[in-house]
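With mmCIF, C-alpha atoms inside, this is my_file37.cif:
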data_entry
#
loop_
_atom_site.label_atom_id
_atom_site.label_comp_id
_atom_site.auth_asym_id
_atom_site.auth_seq_id
_atom_site.Cartn_x
_atom_site.Cartn_y
_atom_site.Cartn_z
CA MET A 1 3.61 11.79 20.26
CA LYS A 2 5.43 9.55 17.82
CA TYR A 3 2.28 7.48 17.35
CA PHE A 4 0.33 10.64 16.66
CA THR A 5 2.71 11.31 13.73
CA TYR A 6 1.85 7.94 12.18
CA LEU A 7 -1.83 8.64 12.67
CA VAL A 8 -1.48 11.92 10.75
CA ILE A 9 0.51 10.24 7.96
CA GLY A 10 -2.22 7.59 7.80
CA ILE A 11 -4.96 10.24 7.52
CA PHE A 12 -3.06 11.96 4.72
CA PHE A 13 -2.51 8.66 2.90
CA GLY A 14 -6.17 7.70 3.34
CA ILE A 15 -7.37 10.96 1.81
CA VAL A 16 -4.97 10.54 -1.13
CA MET A 17 -6.15 6.97 -1.73
CA PHE A 18 -9.79 7.95 -1.69
CA LYS A 19 -9.47 11.18 -3.67
CA SER A 20 -7.30 9.58 -6.36
CA GLU A 21 -9.94 6.84 -6.69
CA ALA A 22 -7.20 4.23 -6.26
CA ALA A 23 -9.54 2.81 -3.60
CA SER A 24 -12.30 2.28 -6.15
CA TRP A 25 -13.06 -1.20 -7.46
CA PHE A 26 -13.96 0.43 -10.79
CA ARG A 27 -10.50 1.94 -11.19
CA ILE A 28 -8.80 -1.40 -10.54
CA TYR A 29 -11.06 -3.12 -13.05
CA GLU A 30 -10.41 -0.35 -15.59
CA MET A 31 -6.66 -0.68 -15.03
CA PHE A 32 -6.66 -4.42 -15.79
CA GLN A 33 -8.79 -3.68 -18.88
CA PHE A 34 -6.17 -1.10 -19.95
CA GLY A 35 -9.06 1.35 -20.16
CA SER A 36 -7.31 4.39 -18.72
CA PHE A 37 -3.89 5.77 -17.96
CA HIS A 38 -5.06 6.90 -14.52
CA MET A 39 -3.78 4.05 -12.30
CA TYR A 40 -0.61 3.61 -14.35
CA GLY A 41 0.00 7.34 -14.00
CA ILE A 42 -0.42 7.17 -10.23
CA ILE A 43 1.91 4.20 -9.78
CA GLY A 44 4.35 5.44 -12.45
CA SER A 45 4.71 8.98 -11.13
CA ALA A 46 4.98 7.80 -7.52
CA LEU A 47 7.64 5.35 -8.65
CA ALA A 48 9.61 7.86 -10.74
CA LEU A 49 9.81 10.28 -7.81
CA GLY A 50 10.45 7.36 -5.48
CA VAL A 51 13.47 6.13 -7.45
CA ILE A 52 14.98 9.62 -7.60
CA GLY A 53 14.34 10.26 -3.91
CA VAL A 54 15.73 6.93 -2.74
CA GLN A 55 18.88 7.48 -4.84
CA LEU A 56 19.27 10.92 -3.25
CA ILE A 57 18.85 9.44 0.23
CA LYS A 58 21.55 6.86 -0.52
CA ARG A 59 24.04 9.21 -2.20
CA LYS A 60 23.68 11.99 0.37
CA ASN A 61 23.45 9.43 3.17
CA ILE A 62 20.35 11.07 4.57
CA LYS A 63 19.25 9.68 7.96
CA PRO A 64 15.82 9.52 9.54
CA LEU A 65 15.02 12.41 11.88
CA ASP A 66 15.94 10.37 14.96
CA GLY A 67 19.38 9.60 13.50
CA SER A 68 18.75 5.87 13.07
CA GLU A 69 19.36 3.91 9.85
CA MET A 70 17.07 4.29 6.82
CA SER A 71 14.66 1.37 6.43
CA LEU A 72 15.85 0.49 2.95
CA GLN A 73 16.96 -3.08 3.50
CA PRO A 74 17.26 -5.11 0.31
CA LYS A 75 14.56 -7.74 -0.16
CA LYS A 76 15.59 -11.36 0.26
CA LYS A 77 16.49 -13.01 -3.03
CA GLY A 78 14.17 -15.54 -4.57
CA ILE A 79 11.70 -16.07 -7.35
CA ALA A 80 9.02 -18.57 -6.32
CA ARG A 81 7.61 -16.69 -3.36
CA TYR A 82 7.47 -13.38 -5.21
CA LEU A 83 5.95 -14.79 -8.36
CA ILE A 84 3.45 -17.20 -6.78
CA GLY A 85 2.61 -14.88 -3.90
CA GLY A 86 2.34 -11.99 -6.34
CA ILE A 87 -0.04 -13.87 -8.63
CA ILE A 88 -2.28 -14.88 -5.71
CA PHE A 89 -2.28 -11.28 -4.51
CA GLY A 90 -3.14 -10.04 -8.00
CA LEU A 91 -6.07 -12.45 -8.27
CA GLY A 92 -7.46 -11.13 -5.01
CA TRP A 93 -6.70 -7.50 -5.83
CA ALA A 94 -8.71 -7.70 -9.05
CA LEU A 95 -11.56 -9.67 -7.46
CA ALA A 96 -12.08 -7.53 -4.36
CA GLY A 97 -10.88 -4.39 -6.12
CA ALA A 98 -8.95 -3.37 -3.04
CA CYS A 99 -5.43 -3.81 -1.75
CA PRO A 100 -4.40 -3.58 1.91
CA GLY A 101 -4.28 0.25 2.11
CA PRO A 102 -7.58 1.10 0.42
CA MET A 103 -9.42 -1.60 2.42
CA TYR A 104 -9.15 0.51 5.54
CA VAL A 105 -9.88 3.72 3.66
CA LEU A 106 -13.14 2.16 2.43
CA ALA A 107 -14.00 1.02 5.95
CA GLY A 108 -13.70 4.65 7.06
CA ALA A 109 -15.74 5.77 4.09
CA GLY A 110 -18.58 3.69 5.45
CA TYR A 111 -18.71 0.67 3.14
CA GLY A 112 -19.68 -2.04 5.59
CA SER A 113 -19.11 -4.89 3.13
CA ILE A 114 -15.41 -4.13 3.05
CA PHE A 115 -15.14 -5.66 6.53
CA ILE A 116 -15.71 -9.03 4.86
CA VAL A 117 -12.69 -8.32 2.66
CA ILE A 118 -10.63 -7.22 5.67
CA PHE A 119 -11.67 -10.33 7.58
CA GLY A 120 -10.65 -12.38 4.54
CA ALA A 121 -7.28 -10.64 4.39
CA LEU A 122 -6.64 -11.34 8.08
CA ALA A 123 -7.64 -14.97 7.56
CA GLY A 124 -5.37 -15.18 4.51
CA THR A 125 -2.45 -13.78 6.47
CA PHE A 126 -3.12 -16.27 9.24
CA LEU A 127 -3.35 -19.12 6.74
CA TYR A 128 0.01 -18.14 5.28
CA GLY A 129 1.54 -18.13 8.75
CA ILE A 130 0.32 -21.70 9.30
CA LEU A 131 1.27 -23.07 5.87
CA ARG A 132 4.52 -21.15 5.53
CA LYS A 133 6.83 -24.09 6.25
CA HIS A 134 5.23 -26.14 3.48
CA LEU A 135 5.39 -23.50 0.75
CA PRO A 136 8.23 -22.96 -1.74
CA HIS A 137 10.06 -19.70 -1.08
CA MET B 1 -11.23 22.71 -11.14
CA ASN B 2 -12.48 22.44 -7.58
CA TRP B 3 -9.45 20.72 -6.10
CA ILE B 4 -11.11 19.68 -2.88
CA TYR B 5 -14.24 18.18 -4.37
CA ASP B 6 -13.16 16.85 -7.76
CA PRO B 7 -11.19 13.58 -8.08
CA TRP B 8 -7.45 14.12 -7.92
CA PRO B 9 -5.63 13.43 -11.20
CA TRP B 10 -2.79 10.93 -11.31
CA TYR B 11 -0.09 13.60 -11.44
CA VAL B 12 -1.28 14.90 -8.08
CA ALA B 13 -1.95 11.54 -6.45
CA GLY B 14 1.28 9.83 -7.55
CA PRO B 15 3.63 12.48 -6.12
CA LEU B 16 1.59 12.59 -2.90
CA ILE B 17 2.05 8.82 -2.52
CA ALA B 18 5.80 9.25 -3.05
CA PHE B 19 5.67 12.01 -0.44
CA THR B 20 3.96 9.61 2.00
CA MET B 21 6.77 7.11 1.46
CA PHE B 22 9.48 9.71 2.10
CA ILE B 23 7.83 11.03 5.24
CA LEU B 24 7.70 7.46 6.55
CA LEU B 25 11.35 6.90 5.62
CA LEU B 26 12.28 10.06 7.51
CA ALA B 27 10.35 8.69 10.46
CA GLY B 28 12.51 5.57 10.17
CA LYS B 29 9.88 3.26 8.66
CA GLN B 30 9.36 1.49 5.37
CA PHE B 31 6.15 2.20 3.46
CA GLY B 32 4.04 -0.95 3.30
CA MET B 33 0.39 -1.39 4.11
CA SER B 34 0.03 -5.17 4.35
CA SER B 35 2.39 -5.85 7.25
CA ASN B 36 -0.27 -4.50 9.61
CA LEU B 37 -2.27 -7.66 8.87
CA ARG B 38 0.50 -9.75 10.38
CA THR B 39 0.77 -7.37 13.30
CA ALA B 40 -2.99 -7.62 13.85
CA CYS B 41 -2.91 -11.44 13.71
CA SER B 42 -0.09 -11.45 16.21
CA ALA B 43 -1.90 -8.99 18.50
CA MET B 44 -4.93 -11.29 18.43
CA GLY B 45 -2.83 -14.20 19.67
CA ALA B 46 -1.92 -16.00 16.42
CA GLY B 47 1.55 -16.62 17.89
CA LYS B 48 0.01 -19.63 19.66
CA ALA B 49 -0.69 -21.21 16.26
CA ALA B 50 2.39 -20.38 14.22
CA ASP B 51 5.89 -19.08 14.87
CA PHE B 52 5.40 -16.62 12.03
CA PHE B 53 3.29 -14.55 14.41
CA LYS B 54 5.66 -14.84 17.38
CA PHE B 55 7.36 -11.48 17.33
CA ASP B 56 7.26 -8.30 19.31
CA TRP B 57 4.12 -6.92 17.68
CA LYS B 58 4.08 -4.01 20.09
CA ALA B 59 7.17 -2.69 18.30
CA GLU B 60 5.05 -2.66 15.15
CA ARG B 61 2.19 -0.73 16.67
CA TRP B 62 3.06 2.17 14.40
CA ASN B 63 1.54 0.40 11.41
CA LEU B 64 -1.70 -0.07 13.30
CA MET B 65 -1.69 3.71 13.86
CA LEU B 66 -1.19 4.14 10.13
CA VAL B 67 -4.25 1.95 9.57
CA ALA B 68 -6.30 3.96 12.06
CA GLY B 69 -5.25 7.08 10.18
CA ALA B 70 -6.24 5.57 6.82
CA VAL B 71 -9.71 4.84 8.25
CA ILE B 72 -10.09 8.43 9.43
CA GLY B 73 -8.74 9.71 6.09
CA GLY B 74 -11.34 7.63 4.25
CA PHE B 75 -14.07 9.03 6.48
CA ILE B 76 -12.98 12.63 5.92
CA ALA B 77 -12.51 12.24 2.17
CA SER B 78 -15.82 10.50 1.50
CA ASN B 79 -17.90 12.75 3.76
CA TYR B 80 -16.40 16.15 3.14
CA MET B 81 -14.34 15.99 -0.04
CA SER B 82 -16.20 13.86 -2.53
CA ASP B 83 -19.51 13.18 -4.25
CA ASN B 84 -18.58 9.46 -4.05
CA ILE B 85 -18.96 8.90 -7.74
CA VAL B 86 -16.25 7.40 -9.91
CA GLU B 87 -16.33 8.05 -13.64
CA ILE B 88 -14.37 5.49 -15.62
CA ASN B 89 -13.77 4.99 -19.32
CA PRO B 90 -17.31 4.82 -20.80
CA GLU B 91 -16.39 1.81 -22.91
CA VAL B 92 -15.25 -0.12 -19.84
CA ALA B 93 -18.39 0.96 -17.97
CA GLN B 94 -20.51 -0.22 -20.89
CA GLN B 95 -18.70 -3.54 -21.02
CA LEU B 96 -19.25 -4.05 -17.27
CA ALA B 97 -22.97 -3.42 -17.73
CA THR B 98 -23.36 -5.60 -20.82
CA ASP B 99 -21.22 -8.55 -19.82
CA TYR B 100 -21.63 -8.65 -16.04
CA GLN B 101 -24.74 -6.56 -15.28
CA ILE B 102 -22.59 -4.27 -13.14
CA GLU B 103 -24.29 -1.00 -13.99
CA SER B 104 -23.26 1.33 -11.20
CA ALA B 105 -20.10 2.73 -12.85
CA GLY B 106 -20.51 6.50 -12.99
CA GLU B 107 -23.09 6.37 -10.20
CA SER B 108 -21.13 5.24 -7.16
CA TYR B 109 -17.64 4.82 -5.71
CA LEU B 110 -17.84 1.02 -5.48
CA PRO B 111 -20.12 -1.24 -7.51
CA THR B 112 -23.39 -1.46 -5.55
CA GLU B 113 -23.89 -4.92 -7.12
CA LEU B 114 -21.02 -6.17 -4.93
CA PHE B 115 -20.71 -3.79 -2.01
CA SER B 116 -24.18 -2.58 -1.07
CA THR B 117 -25.76 -4.03 2.06
CA ALA B 118 -28.56 -5.43 -0.10
CA ALA B 119 -26.04 -7.36 -2.21
CA LEU B 120 -24.99 -9.28 0.90
CA SER B 121 -28.26 -11.20 0.86
CA ASN B 122 -26.69 -13.12 -2.01
CA PRO B 123 -24.19 -15.68 -0.63
CA PHE B 124 -22.27 -15.42 -3.91
CA THR B 125 -21.34 -11.81 -3.08
CA ILE B 126 -20.06 -12.79 0.36
CA ILE B 127 -17.93 -15.55 -1.16
CA ILE B 128 -16.46 -13.13 -3.73
CA LEU B 129 -15.52 -10.57 -1.08
CA LEU B 130 -14.20 -13.18 1.34
CA LEU B 131 -12.17 -14.99 -1.31
CA GLY B 132 -10.81 -11.70 -2.68
CA GLY B 133 -9.66 -10.65 0.78
CA LEU B 134 -8.25 -14.10 1.51
CA MET B 135 -6.06 -14.07 -1.61
CA VAL B 136 -4.95 -10.49 -0.95
CA GLY B 137 -3.88 -11.35 2.60
CA PHE B 138 -2.29 -14.70 1.74
CA GLY B 139 -0.58 -13.41 -1.41
CA ALA B 140 0.74 -10.25 0.20
CA ARG B 141 2.39 -12.16 3.02
CA TYR B 142 3.69 -14.91 0.74
CA ALA B 143 5.18 -12.29 -1.58
CA GLY B 144 6.39 -10.25 1.39
CA GLY B 145 4.51 -7.11 0.44
CA CYS B 146 1.66 -5.57 -1.50
CA THR B 147 1.17 -2.69 -3.89
CA SER B 148 2.79 -0.18 -1.52
CA GLY B 149 5.58 -2.42 -0.24
CA HIS B 150 6.65 -3.81 -3.61
CA ALA B 151 5.27 -1.61 -6.41
CA ILE B 152 6.15 1.68 -4.72
CA SER B 153 8.64 1.06 -1.91
CA GLY B 154 10.55 -1.92 -3.31
CA LEU B 155 10.73 -0.75 -6.92
CA SER B 156 11.82 2.72 -5.77
CA ASN B 157 14.74 0.94 -4.15
CA LEU B 158 15.34 -0.96 -7.44
CA GLN B 159 14.71 -4.36 -5.89
CA LEU B 160 14.51 -7.24 -8.36
CA PRO B 161 12.28 -9.31 -6.02
CA SER B 162 9.80 -6.44 -6.03
CA LEU B 163 9.78 -6.39 -9.82
CA ILE B 164 9.04 -10.13 -9.85
CA ALA B 165 6.23 -9.57 -7.32
CA VAL B 166 4.72 -6.70 -9.33
CA ILE B 167 4.81 -8.82 -12.50
CA GLY B 168 3.00 -11.45 -10.44
CA PHE B 169 0.39 -8.88 -9.31
CA PHE B 170 -0.37 -8.09 -12.93
CA ILE B 171 -0.43 -11.69 -14.10
CA GLY B 172 -2.91 -12.44 -11.29
CA GLY B 173 -5.02 -9.36 -11.99
CA LEU B 174 -5.17 -9.94 -15.73
CA VAL B 175 -6.03 -13.62 -15.29
CA MET B 176 -8.82 -12.71 -12.87
CA ILE B 177 -10.37 -10.00 -15.04
CA HIS B 178 -9.93 -11.60 -18.45
CA LEU B 179 -10.20 -15.33 -17.76
CA ILE B 180 -12.00 -15.84 -14.45
CA PHE B 181 -14.54 -12.96 -14.48
CA PRO B 182 -16.26 -14.32 -17.61
CA LEU B 183 -16.67 -17.65 -15.79
CA ILE B 184 -17.98 -16.39 -12.46
CA PHE B 185 -20.09 -13.32 -13.32
#

Starting from the file, give its structure as structure tokens.
Amino acid sequence: MKYFTYLVIGIFFGIVMFKSEAASWFRIYEMFQFGSFHMYGIIGSALALGVIGVQLIKRKNIKPLDGSEMSLQPKKKGIARYLIGGIIFGLGWALAGACPGPMYVLAGAGYGSIFIVIFGALAGTFLYGILRKHLPH
Amino acid sequence: MNWIYDPWPWYVAGPLIAFTMFILLLAGKQFGMSSNLRTACSAMGAGKAADFFKFDWKAERWNLMLVAGAVIGGFIASNYMSDNIVEINPEVAQQLATDYQIESAGESYLPTELFSTAALSNPFTIIILLLGGLMVGFGARYAGGCTSGHAISGLSNLQLPSLIAVIGFFIGGLVMIHLIFPLIF
């Protein structure tokens, strides 16, 4: 039953990604060309509501429905991993025009070529796992 | 406006993404779409190769369900809720056509020059897609999150590391589009 909930959340998220065109290569390209407010509006409005909501959760000490602790752990401190990792991610995001959520949405939408991107992402994750000890964090 | 069929504007999509994050928080989980890649690697036995993948991936099965849902959502949206055409800024579309011979803006959801089955006959296309995916996967794990985990989830929680990561995302994206695209396309 619990897994069914995540499936439904995923379906909802997938529809939002596709319908907002955040899953479109063109929209990502346009964003990095500063050609439209669209993507900035999506991220900005999600973020504005997100900040308010997370503050509310913290101040009112709202718990998840099962009474456990909220998954709002602070991220580990550091600069190198976030900056270097972020830049590598950004390079790939702009090239493939898809980030990890939209990849799957596009697979469902029937774009067979996206499986090459997904395969690449899995390989990249695996590569990181192998090289992790040798990278600055 | 036909709200089912027309593209959703940013002020609809953004709040719905925030809503997704809050529903997940109420379910006890943190919104982040790239961690499923690690879970998938681990499920496929990558723990034999690196300790990074030695963890109880079965406890993370929920994010694989999220992925399955996203696939179904993409299927529903593209087949029943969309004409699969993305209209972007005409100047950007024109620039894509003039500079890179990518002329499918305003005609398709993804550029057919890169994503159509026919385009795969060109090894260059395969390398682009593979390399793009590789950097997304590697970078997301190195940075500990992607657009959802850092730009939405982390920044909502006012995390400085997430801000650094998001600045990195944009440096990378801008370098790719403005410096590398002119060299490779």

Per-residue nearest contacts region 93-147 of chain B to region 100-107 of chain A, cut-off 9 Å, using only C-alpha atoms, as JSON lines:
{"residue": "B:Gly133", "atom": "CA", "partner": "A:Pro100", "partner_atom": "CA", "distance": 8.9}
{"residue": "B:Val136", "atom": "CA", "partner": "A:Pro100", "partner_atom": "CA", "distance": 7.5}
{"residue": "B:Gly137", "atom": "CA", "partner": "A:Pro100", "partner_atom": "CA", "distance": 7.8}
{"residue": "B:Ala140", "atom": "CA", "partner": "A:Pro100", "partner_atom": "CA", "distance": 8.6}
{"residue": "B:Cys146", "atom": "CA", "partner": "A:Pro100", "partner_atom": "CA", "distance": 7.2}
{"residue": "B:Thr147", "atom": "CA", "partner": "A:Pro100", "partner_atom": "CA", "distance": 8.1}

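What separates CA of Asp83 (chain B) from CA of Ile4 (chain B) is a distance of 10.7 Å.
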
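Of the residues listed (A:Ala23, A:Leu83, A:Leu56, A:Met31), A:Leu83 shows the shortest atom-to-atom separation from chain B; distances use all atoms listed in the file.
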
Tell me, counting all atoms listed in the file, for each residue of region 130-160 of chain B within 9 Å of region 44-47 of chain A, which pair of atoms is nearest and how far apart they are in Å to one decimal, in rows ordered by chain and increasing number, as a tab-separated table.
residue	atom	partner	partner_atom	distance
B:Ala151	CA	A:Leu47	CA	7.7
B:Ile152	CA	A:Leu47	CA	5.6
B:Ser153	CA	A:Leu47	CA	8.1
B:Leu155	CA	A:Leu47	CA	7.1
B:Ser156	CA	A:Leu47	CA	5.7

Please define a box with edges along x, y and z of the file around all atoms of region 32-44 of chain B given in the file, extend it by 6 Å on each side, and return its centre and edge lengths in Å to one decimal, as AutoDock Vina command-line options.
--center_x -0.4 --center_y -6.2 --center_z 10.9 --size_x 21.0 --size_y 22.5 --size_z 27.2

For this session: Find the distance between CA of Lys58 (chain A) and CA of Ala27 (chain B) and write it in Å to one decimal.
Result: 15.8 Å

To verify the selection step, state as a PDB file with C-alpha atoms, in the frame of the given file which residues the PyMOL selection byres ((chain A and resi 117-120) around 7) yields on this input.
ATOM      1  CA  MET A 103      -9.420  -1.600   2.420  1.00  0.00           C
ATOM      2  CA  ILE A 114     -15.410  -4.130   3.050  1.00  0.00           C
ATOM      3  CA  PHE A 115     -15.140  -5.660   6.530  1.00  0.00           C
ATOM      4  CA  ILE A 116     -15.710  -9.030   4.860  1.00  0.00           C
ATOM      5  CA  ALA A 121      -7.280 -10.640   4.390  1.00  0.00           C
ATOM      6  CA  LEU A 122      -6.640 -11.340   8.080  1.00  0.00           C
ATOM      7  CA  ALA A 123      -7.640 -14.970   7.560  1.00  0.00           C
ATOM      8  CA  GLY A 124      -5.370 -15.180   4.510  1.00  0.00           C
TER       9      GLY A 124
ATOM     10  CA  LEU B 129     -15.520 -10.570  -1.080  1.00  0.00           C
ATOM     11  CA  LEU B 130     -14.200 -13.180   1.340  1.00  0.00           C
ATOM     12  CA  LEU B 131     -12.170 -14.990  -1.310  1.00  0.00           C
ATOM     13  CA  GLY B 132     -10.810 -11.700  -2.680  1.00  0.00           C
ATOM     14  CA  GLY B 133      -9.660 -10.650   0.780  1.00  0.00           C
ATOM     15  CA  LEU B 134      -8.250 -14.100   1.510  1.00  0.00           C
TER      16      LEU B 134
END

Exercise. Near Val166 (chain B), within 8 Å and counting all atoms listed in the file, which residues show up once chain neighbours fewer than 2 positions away are dropped, as a ChimeraX atom specification?
Worked result: /A:86 /B:147,150-151,162-164,168-170
